[in-house]
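Visitor: Supplied structure: data05.cif, mmCIF, C-alpha atoms.
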data_target
#
loop_
_atom_site.label_atom_id
_atom_site.label_comp_id
_atom_site.auth_asym_id
_atom_site.auth_seq_id
_atom_site.Cartn_x
_atom_site.Cartn_y
_atom_site.Cartn_z
CA MET A 1 0.00 0.00 0.00
CA THR A 2 1.28 3.47 -0.94
CA PHE A 3 -0.13 6.96 -0.47
CA GLU A 4 -0.68 7.08 -4.24
CA ASN A 5 -3.08 4.12 -3.85
CA LEU A 6 -5.23 6.30 -1.58
CA ASN A 7 -6.01 8.73 -4.44
CA LEU A 8 -4.48 11.72 -2.70
CA ILE A 9 -3.89 14.81 -4.82
CA THR A 10 -0.45 15.95 -5.96
CA PRO A 11 0.05 18.84 -3.47
CA ILE A 12 -0.55 16.49 -0.56
CA LEU A 13 1.62 13.73 -2.04
CA LEU A 14 4.45 16.24 -2.42
CA ALA A 15 4.04 17.29 1.21
CA ILE A 16 4.11 13.63 2.28
CA LYS A 17 7.31 13.12 0.33
CA THR A 18 8.86 16.16 2.00
CA LYS A 19 7.98 14.70 5.39
CA GLY A 20 9.74 11.47 4.42
CA TYR A 21 6.73 9.19 4.77
CA THR A 22 7.01 6.02 2.69
CA ALA A 23 3.77 4.13 3.38
CA PRO A 24 0.50 4.85 5.21
CA THR A 25 -0.06 3.45 8.68
CA PRO A 26 -3.06 1.11 9.17
CA ILE A 27 -5.34 3.88 10.49
CA GLN A 28 -4.38 6.09 7.53
CA ALA A 29 -4.91 3.33 4.97
CA GLN A 30 -8.34 2.53 6.39
CA ALA A 31 -9.62 6.01 7.25
CA ILE A 32 -8.49 8.18 4.32
CA PRO A 33 -10.64 6.48 1.62
CA ILE A 34 -13.74 6.59 3.85
CA ILE A 35 -13.25 10.28 4.66
CA LEU A 36 -12.67 11.14 0.99
CA GLN A 37 -16.06 9.56 0.24
CA GLY A 38 -17.68 12.06 2.62
CA ARG A 39 -18.74 9.40 5.10
CA ASP A 40 -18.84 9.70 8.88
CA LEU A 41 -16.17 7.78 10.76
CA LEU A 42 -15.24 6.44 14.19
CA GLY A 43 -11.52 5.66 14.14
CA CYS A 44 -9.80 3.83 16.99
CA ALA A 45 -6.00 3.62 17.16
CA GLN A 46 -3.33 4.20 19.77
CA THR A 47 -1.57 7.55 20.07
CA GLY A 48 1.46 7.72 17.78
CA THR A 49 -0.08 5.69 14.95
CA GLY A 50 -0.71 8.62 12.62
CA LYS A 51 -4.30 9.55 13.47
CA THR A 52 -3.74 13.26 12.79
CA ALA A 53 -2.56 12.62 9.24
CA ALA A 54 -5.45 10.19 8.79
CA PHE A 55 -7.94 13.04 9.05
CA ALA A 56 -5.82 16.08 8.08
CA MET A 57 -4.84 14.84 4.62
CA PRO A 58 -8.37 13.98 3.39
CA ILE A 59 -9.86 17.12 4.96
CA LEU A 60 -7.35 19.25 3.07
CA GLN A 61 -8.14 17.40 -0.14
CA ILE A 62 -11.91 17.76 0.25
CA LEU A 63 -11.67 21.50 0.88
CA HIS A 64 -9.13 22.03 -1.91
CA GLU A 65 -11.29 20.23 -4.47
CA ASN A 66 -14.51 21.95 -3.38
CA ARG A 67 -12.84 25.33 -3.72
CA LYS A 68 -11.78 24.50 -7.28
CA ILE A 69 -15.38 23.80 -8.30
CA GLY A 70 -16.77 26.86 -6.55
CA ARG A 71 -18.29 25.24 -3.44
CA TRP A 72 -16.68 27.74 -1.15
CA PRO A 73 -18.64 29.39 1.67
CA LYS A 74 -16.91 32.26 3.41
CA GLY A 75 -16.84 30.92 6.96
CA ILE A 76 -15.12 28.13 8.87
CA LYS A 77 -15.52 24.91 6.92
CA THR A 78 -13.74 22.46 9.20
CA LEU A 79 -13.54 22.33 12.99
CA ILE A 80 -11.20 20.02 14.90
CA ILE A 81 -11.69 19.80 18.66
CA THR A 82 -8.93 18.37 20.85
CA PRO A 83 -8.50 18.37 24.64
CA THR A 84 -5.20 20.16 25.24
CA ARG A 85 -3.24 23.14 24.03
CA GLU A 86 -0.28 20.93 23.10
CA LEU A 87 -2.38 18.64 20.92
CA ALA A 88 -4.12 21.60 19.29
CA ILE A 89 -0.78 23.15 18.33
CA GLN A 90 0.49 19.82 16.97
CA ILE A 91 -2.62 19.37 14.83
CA ASP A 92 -2.38 22.91 13.46
CA GLU A 93 1.28 22.28 12.59
CA SER A 94 0.24 19.11 10.73
CA PHE A 95 -2.30 21.05 8.66
CA ALA A 96 0.44 23.55 7.85
CA ALA A 97 2.81 20.78 6.75
CA TYR A 98 0.37 18.70 4.69
CA GLY A 99 -1.51 21.67 3.28
CA LYS A 100 1.26 24.02 2.23
CA GLY A 101 0.45 23.41 -1.45
CA THR A 102 -3.29 24.05 -1.06
CA ASN A 103 -3.38 27.70 0.14
CA LEU A 104 -6.03 26.81 2.71
CA ARG A 105 -6.19 29.06 5.76
CA HIS A 106 -6.02 27.51 9.22
CA THR A 107 -5.53 28.68 12.78
CA VAL A 108 -5.53 27.32 16.31
CA ILE A 109 -7.21 28.67 19.44
CA PHE A 110 -6.65 27.56 23.04
CA GLY A 111 -6.87 28.92 26.56
CA GLY A 112 -4.11 30.19 28.82
CA VAL A 113 -3.25 33.11 26.54
CA ARG A 114 -4.98 36.41 25.72
CA GLN A 115 -7.74 36.22 23.13
CA HIS A 116 -6.78 39.27 21.05
CA ALA A 117 -4.39 37.62 18.58
CA GLN A 118 -6.70 34.65 18.13
CA VAL A 119 -9.71 36.90 17.49
CA ARG A 120 -7.71 38.88 14.92
CA LYS A 121 -6.92 35.69 12.97
CA LEU A 122 -10.54 34.59 13.09
CA LYS A 123 -11.71 37.95 11.77
CA ALA A 124 -9.23 37.65 8.89
CA GLY A 125 -10.98 34.43 7.87
CA VAL A 126 -10.03 30.78 8.24
CA ASP A 127 -11.06 27.59 6.48
CA ILE A 128 -9.85 25.17 9.17
CA LEU A 129 -10.10 25.86 12.90
CA VAL A 130 -8.33 23.74 15.52
CA ALA A 131 -9.54 24.43 19.04
CA THR A 132 -9.75 23.34 22.64
CA PRO A 133 -13.34 23.25 23.91
CA GLY A 134 -13.14 25.93 26.60
CA ARG A 135 -11.56 28.62 24.46
CA LEU A 136 -13.84 27.75 21.54
CA LEU A 137 -16.94 28.30 23.68
CA ASP A 138 -15.42 31.52 25.05
CA LEU A 139 -15.13 32.86 21.50
CA MET A 140 -18.43 31.44 20.25
CA ASN A 141 -20.48 33.22 22.92
CA PRO A 142 -19.61 36.79 21.75
CA GLY A 143 -19.85 35.73 18.10
CA PHE A 144 -16.16 35.60 17.17
CA VAL A 145 -16.64 32.00 15.95
CA ASN A 146 -19.51 31.23 13.57
CA LEU A 147 -20.02 27.59 12.58
CA SER A 148 -22.98 28.08 10.22
CA ASP A 149 -20.85 27.22 7.15
CA LEU A 150 -19.23 24.16 8.75
CA LYS A 151 -18.91 21.09 6.52
CA ILE A 152 -16.62 18.80 8.53
CA PHE A 153 -16.45 18.26 12.30
CA THR A 154 -13.66 16.20 13.90
CA LEU A 155 -13.31 15.22 17.54
CA ASP A 156 -9.76 14.06 18.22
CA GLU A 157 -8.64 12.11 21.30
CA ALA A 158 -12.32 11.59 22.17
CA ASP A 159 -11.63 9.28 25.11
CA ARG A 160 -9.15 11.69 26.68
CA MET A 161 -11.53 14.59 26.08
CA LEU A 162 -14.29 12.85 27.98
CA ASP A 163 -11.96 11.68 30.76
CA MET A 164 -11.09 15.35 31.30
CA GLY A 165 -14.76 16.22 31.82
CA PHE A 166 -15.50 17.91 28.49
CA LEU A 167 -18.61 15.90 27.56
CA LYS A 168 -21.06 18.76 28.17
CA ASP A 169 -18.85 21.22 26.29
CA VAL A 170 -18.47 18.84 23.36
CA LYS A 171 -22.23 18.32 23.17
CA ARG A 172 -22.83 22.10 23.25
CA ILE A 173 -20.35 22.62 20.41
CA ILE A 174 -21.68 19.80 18.22
CA GLU A 175 -25.26 20.95 18.66
CA THR A 176 -24.39 24.39 17.27
CA CYS A 177 -22.97 22.81 14.08
CA PRO A 178 -25.12 22.38 10.96
CA LYS A 179 -26.92 19.04 10.99
CA LYS A 180 -25.78 18.38 7.44
CA ARG A 181 -22.06 17.78 7.91
CA GLN A 182 -19.41 15.09 7.90
CA THR A 183 -18.51 13.96 11.43
CA MET A 184 -15.41 12.09 12.54
CA LEU A 185 -14.42 10.82 15.97
CA PHE A 186 -10.91 9.56 16.69
CA SER A 187 -10.00 7.83 19.93
CA ALA A 188 -7.24 5.67 21.39
CA THR A 189 -9.82 3.56 23.26
CA LEU A 190 -13.55 2.97 23.12
CA SER A 191 -15.72 3.71 26.14
CA ALA A 192 -19.42 4.01 26.85
CA ASP A 193 -19.22 7.80 26.44
CA VAL A 194 -17.36 7.56 23.14
CA ASP A 195 -19.96 5.06 21.93
CA TYR A 196 -22.68 7.48 23.04
CA LEU A 197 -21.19 10.34 21.00
CA ALA A 198 -20.75 8.09 17.97
CA ASP A 199 -24.32 6.79 18.18
CA LYS A 200 -25.81 10.26 18.69
CA TYR A 201 -23.80 12.35 16.26
CA THR A 202 -22.56 10.12 13.41
CA ASN A 203 -24.33 8.36 10.57
#
Hey, can you dump this file as structure tokens for me?

Guide:
Amino acid sequence: MTFENLNLITPILLAIKTKGYTAPTPIQAQAIPIILQGRDLLGCAQTGTGKTAAFAMPILQILHENRKIGRWPKGIKTLIITPTRELAIQIDESFAAYGKGTNLRHTVIFGGVRQHAQVRKLKAGVDILVATPGRLLDLMNPGFVNLSDLKIFTLDEADRMLDMGFLKDVKRIIETCPKKRQTMLFSATLSADVDYLADKYTN
């Protein structure tokens, strides 16, 4: 199995080559084709097995191709929620690395820092938003984040998110998203709460 077998577009394949990747991991080989078909997904794999690339690469491709054919709303089109600042930064860096040939705009928001710089980037316009739940809700309440144009929602590290007590926040965020969307949940383990989210919010 190669990345070419997964029908990824040239800009992403070039980025993969730059990163030195030679073959997809199992979660990448299984998840990428499903995501590219626009289907919802619950992906379970241990940390360090390439889950971020498994959703970042196809998300970039979907947005890039939709922009080319004119399906391009102005607002945030993809939201990735993750439990910690460190993970959020890592995911944003992955989108920068894999998407440098797509000209898609992305940013990351998290707590523990002043909001001003994050609000300025949001006002400038982003296609892909990576966020921790608390800061996202802080910026949604005054209207700095509008999810009405959202097409893809991803919950990363779902089990860790719920272990940290974010279930209510996650539910509040998901319920503000358009009902017609692609939803993905990624988790290192499966629990009753993860199963609940998958049953309630994915098709």

Visitor: With the PyMOL selection byres ((chain A and resi 3) around 12) as the selection, what would be picked from this file? Answer as a PyMOL selection string, please.

Guide: chain A and resi 1-2+4-10+12-17+20-26+28-30+32-33+53-54+57-58

Visitor: Counting all atoms listed in the file, which of A:Leu104, A:Leu139, A:Ala198, A:Leu87 gets nearest to Gln118 (chain A)?

Guide: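 When distances to Gln118 (chain A) are compared using all atoms listed in the file, the smallest one comes from A:Leu139.
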
Visitor: What gap, in Å, lies between CA of Pro133 (chain A) and CA of Ile76 (chain A)?

Guide: 15.9 Å

Visitor: Using the chain letters and numbers from the file, give me the residues hit by the PyMOL selection byres ((chain A and resi 183) around 7), as a PyMOL selection string.

Guide: chain A and resi 40-41+152-154+181-182+184-185+202

Visitor: Evaluate the PyMOL selection byres ((chain A and resi 89-92) around 7) here and jot the selected residues down as a count of residues only.

Guide: 12

Visitor: A:Tyr98, A:Phe110, A:Phe55, A:Phe186: which is nearest Thr132 (chain A), counting only C-alpha atoms?

Guide: A:Phe110

Visitor: List the spatial neighbours of Asp127 (chain A) as JSON, numbers by chain - criterion: any atom at most 8 Å away, all atoms listed in the file, same-chain residues fewer than 5 positions off excluded.

Guide: {"A": [75, 76, 77, 78, 104, 105, 106]}

Visitor: Could you pull the residues within 12 Å of Pro142 (chain A), counting all atoms listed in the file, minus those fewer than 6 positions along the same chain, as a ChimeraX atom specification?

Guide: /A:115,119,135-136

Visitor: Just to confirm, what's the straight-line distance from CA of Leu60 (chain A) to CA of Gly99 (chain A) in Å (one decimal)?

Guide: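 Going from CA of Leu60 (chain A) over to CA of Gly99 (chain A), I get 6.3 Å.
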
Visitor: If you count all atoms listed in the file, which residues fall within 10 Å of Gly134 (chain A), apart from same-chain ones fewer than 4 positions away, as a VMD selection string?

Guide: chain A and resid 83 to 84 109 to 111 138 to 140 166 169 to 170

Visitor: Would you mind reading off the distance between CA of Gly38 (chain A) and CA of Ala124 (chain A), one decimal, in Å?

Guide: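 Rounded to one decimal, the two atoms are 27.7 Å apart.
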
Visitor: Counting only C-alpha atoms, figure out which residue out of A:Gly48, A:Pro11, A:Thr18, A:Asp163 gets nearest to Glu65 (chain A).

Guide: A:Pro11

Visitor: At a cut-off of 10 Å around the point (-7.2, 24.3, -6.6) (file coordinates), what residues fall inside when counting all atoms listed in the file? I'd like the answer as a PDB file with C-alpha atoms, in the frame of the given file.

Guide:
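Below you can see part-v8.pdb, which holds the result:
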ATOM      1  CA  PRO A  11       0.050  18.840  -3.470  1.00  0.00           C
ATOM      2  CA  GLN A  61      -8.140  17.400  -0.140  1.00  0.00           C
ATOM      3  CA  LEU A  63     -11.670  21.500   0.880  1.00  0.00           C
ATOM      4  CA  HIS A  64      -9.130  22.030  -1.910  1.00  0.00           C
ATOM      5  CA  GLU A  65     -11.290  20.230  -4.470  1.00  0.00           C
ATOM      6  CA  ASN A  66     -14.510  21.950  -3.380  1.00  0.00           C
ATOM      7  CA  ARG A  67     -12.840  25.330  -3.720  1.00  0.00           C
ATOM      8  CA  LYS A  68     -11.780  24.500  -7.280  1.00  0.00           C
ATOM      9  CA  ILE A  69     -15.380  23.800  -8.300  1.00  0.00           C
ATOM     10  CA  GLY A  70     -16.770  26.860  -6.550  1.00  0.00           C
ATOM     11  CA  GLY A 101       0.450  23.410  -1.450  1.00  0.00           C
ATOM     12  CA  THR A 102      -3.290  24.050  -1.060  1.00  0.00           C
ATOM     13  CA  ASN A 103      -3.380  27.700   0.140  1.00  0.00           C
ATOM     14  CA  LEU A 104      -6.030  26.810   2.710  1.00  0.00           C
TER      15      LEU A 104
END

Visitor: For each of A:Leu137, A:Ala56, A:Ala45, A:Leu122, take the minimum atom-to-atom distance to Lys171 (chain A), counting only C-alpha atoms, then give the residue where this is smallest.

Guide: A:Leu137
